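Notes follow once the structure below has been shown.
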Amino acid sequence: MLAESLLEGLNPEQRRAVECTEGPLLVLAGAGSGKTRVLTNRIAYLIGVCGIPLENLLAVTFTNKAAGEMRERVEKLLGPRSGDLWIGTFHSVCVRILRRDIGHLERSRGFVIYDDADSLGVVKDVLKRNNLDPKVHDPKRLRWRIDQWKNAGVLPAEAEKKAYDIDEELCARLYAGYQRRLVDANALDFGDILLQTVELFKRFPKVLEYYQRRWQYILVDEYQDTNRVQYELISLLARAHRNICVVGDPDQSIYGWRGADVRNILDFEKDYDEAEVIKLERNYRSTQPILSGASAVVANNFERKRKKLFTEREGGDPIQFYEALDDREEAQFVVRKMLVASRNDGSSFGRFAILYRTNAQSRSFEEELLKYDVPYKVVGGVRFYERAEIKDTIAYLRLLVNQQDDQALIRIVNKPSRGIGKTTLERVAALSAERGVPLLEGLRLHAEASGSGRTANAIRSFLGMQQELREVLAARSLDQVIDHVLERSGYRAALVKEATPEAEARLDNLQELMASAGDFHSANEGLIGEDSSEVELFLEQVALISDIDGWDERAECVSLMTVHSAKGLEFPVVFLVGLEEGIFPHASSSGDAEGLEEERRLCYVAMTRAMEQLYLTCAGERRRFGARSFQSPSRFLGEVPEKLVEVLSDRHGRSRASRHSSAPSDDIADTSSLDYSYSQDANEDGQVVQPGVSVQHPVFGSGVILAVIGTGLSQKLKIRFKRVGVKTVMVRYANLELG
DNA sequence: TCTGTAGGCGTTTTT
DNA sequence: CGCCTACAGA
């Protein structure tokens, strides 16, 4: 009976994907093909029909939101008893494994998780210790290199061995230094969470065996976005029983820049030669024009498995295209459309999403939405947990839990100012390095050595506060601990004294933090005390939180987010904005074919978020980097078949788009696309100067145009040079060569 | 040691 | 344009 209800309403392919429980299974799930439903029903089927115990299942996703949704839906099918069922993100699953077993790697289970800012701090510290000038050796670049190594599963020793030139060798050595600093701080960065888990499994077969035996059935969502380490992790776990089901869509692979390798999904059938392959090609989400338009765009990719999606939602509005004069007008257009729809048919604002390529683009839309009092929510951008006051408070907690957390100490030791400034900290850092102890211990030594001066007293008082707070930590609940921290540290008092609107907003945020800590406390009562304390669990959750996790589809407001964040979501009406060369495709990706193809897949993902209506917009001019920049329409616009598009324009022939709309377009209606042989911004030789174009500079070398500023003799270009970074140059004097 | 200000630099995308 | 950093002055 349960079996029937779990298969009911599924199409034959979906049904097979649920029923085919044994052995390796690859589900190629096109956009909107009911993938989540298949995954959840499959889990429920395994448990409820096949009788597999909950604890023998592992389901892995990329975001907490996806994991939470899956759990919720499984509980709806089976009842609320899914406690032992492991559904989580790669990161949260690995943290749980490490909390239990990291001891084998001679590390402590009380580790903290370093976020991006923390690890950048460590990189800077490593450069300093090696007497390297951060102006010459860009910390961000080094951080990025290390991250790539970690994503590829390369440990420092291997990186050094493989180094092919001096620079690479230096980076690899610094990577080793960085790693030592992390170990000293008892910290793991994001990459480590995965890498150390794989390391653990490789070096300790007994440990691996335990988990292999435990997880008899493994499911992986968004498999096309896995990187090397994630791939290895899954392979290791699945090796024993080969009951592995992966779900994904090569056309939606959009995380190449963070090490994801689409070959993982393309080679699945090679890895598991007995694999079953099921294609879900029926789209339940979008109308015909939307699906056809999106498919036409991604069909321009060369490296691609052919796939045909079809929908039964025939008819439907054409894709709407609007070319605005500038970014402000683009925002006006979008908001006006929403207001009209809401007035005419009472559309809830929750039906609308504005999707853009980069976070910075949200601004003009926010201003316009504010102007008309339209409720909206921005996903990502400045995140709650990245606000300074929140990070400060968290840093206090981190230092209490882990006294080796140097980055946390650096952050709060003088916040609010208590007379332990830069010079003191520098001396303490030198002392700590010399003795090989954490900064907190270094402070102690420093105070002892320097008698009863002003600084020494300040340090003593700080250490006293730490001692006191640690006692509170042991005795009180999470929200009470936070309250004590804010009180005893003088942090709250300092903000109150400031008495500015900003300070008040910060106080509000801290209040909110305490509220969420209170929620956390009540939600986890009874669960605490086995492997970690409440504060530790809270810190862990905060560290692994992602942008999209806080998004609530039930909220009746317009959603603003990047296309990356929007993956996996759907909206009745989507505005895909800023479709301009240099932005989408982004200037830094349009240089090579691979990068461009990923941008195109990104465009495909964006378009397929729409259920009923899709608006595409671009602007002829926009403020970028504080200056005006002329933009030309994205090449992707030209890849949408013209017959699917309705061109909107409220001006009398002033925009290029309106000219096209009135042009006769009969002869090749089936294959023709919106034609953008834009004639603007050509230089003397008639070559097009626009964002995304690569150039050669006689002194700075090769680079990519970021923005075109002004026209004529005073025209300037903002260019990112490979060697020297971003520079603005005068076209007239720079003697640039294109290409 | 702290605070204010000038200059420089940046925007991909994120667990 | 805004944020962050470096530097100068109190």
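Going through the structure tokens in order, the chains are called A, B, and so on, while each chain numbers its residues from 1 and the ligands are numbered from 1 in the order shown.
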Give me the chain B side of the contact with chain A, cut-off 9 Å, one line per residue showing its nearest atom pair and distance in Å at one decimal, counting only C-alpha atoms (C1' of nucleotides), sorted by chain and residue number, as a Markdown table.
| residue | atom | partner | partner_atom | distance |
| --- | --- | --- | --- | --- |
| B:DT1 | C1' | A:Gly421 | CA | 6.3 |
| B:DC2 | C1' | A:Ser417 | CA | 8.7 |
| B:DC9 | C1' | A:Val726 | CA | 7.8 |
| B:DG10 | C1' | A:Phe625 | CA | 7.6 |
| B:DT11 | C1' | A:Ala360 | CA | 6.8 |
| B:DT12 | C1' | A:Thr358 | CA | 6.1 |
| B:DT13 | C1' | A:His564 | CA | 6.3 |
| B:DT14 | C1' | A:Ser546 | CA | 8.0 |
| B:DT15 | C1' | A:His91 | CA | 6.9 |
### Task
Just the residues within 12 Å of DA8 in chain C, please, counting only C-alpha atoms (C1' of nucleotides), with nothing from its chain fewer than 2 positions along; format it as a VMD selection string.
(chain B and resid 3 to 6) or (chain C and resid 6 10)
### Task
Pick out each residue of range 185-404 of chain A that DSSP on the backbone tags as strand (DSSP E or B); I need them as a ChimeraX atom specification.
/A:187-189,217-220,227,244-248,260,276-280,282-283,310-311,319-326,352-356,376-378
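Computed from the coordinates, the CA of His446 in chain A to CA of Leu431 in chain A distance equals 7.6 Å.
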### Summary
If you count only C-alpha atoms, the residue of A:Phe352, A:Tyr164, A:Phe630, A:Tyr615 closest to Phe571 in chain A turns out to be A:Phe352
### Query
Looking at only C-alpha atoms (C1' of nucleotides), which of A:Glu22, A:Phe310, A:Leu486, A:Arg363 is the one that sits closest to chain C?
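Residue with the minimum atom-to-atom distance to chain C: A:Arg363.
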### Task
Could you give me the residues within range 216-455 of chain A that DSSP places in alpha helix (DSSP H), as a ChimeraX atom specification?
/A:228-238,263-266,268-271,288-298,327-345,362-371,388-401,406-412,422-435,439-449,454-455
### Message
So that I can check the surroundings of range 238-249 of chain A, please list as a ChimeraX atom specification every protein, DNA and RNA residue that reaches within 8 Å of it, counting only C-alpha atoms (C1' of nucleotides) and ignoring chain neighbours fewer than 4 positions away.
### Response
/A:21-31,35,212,216-224,234,253,265
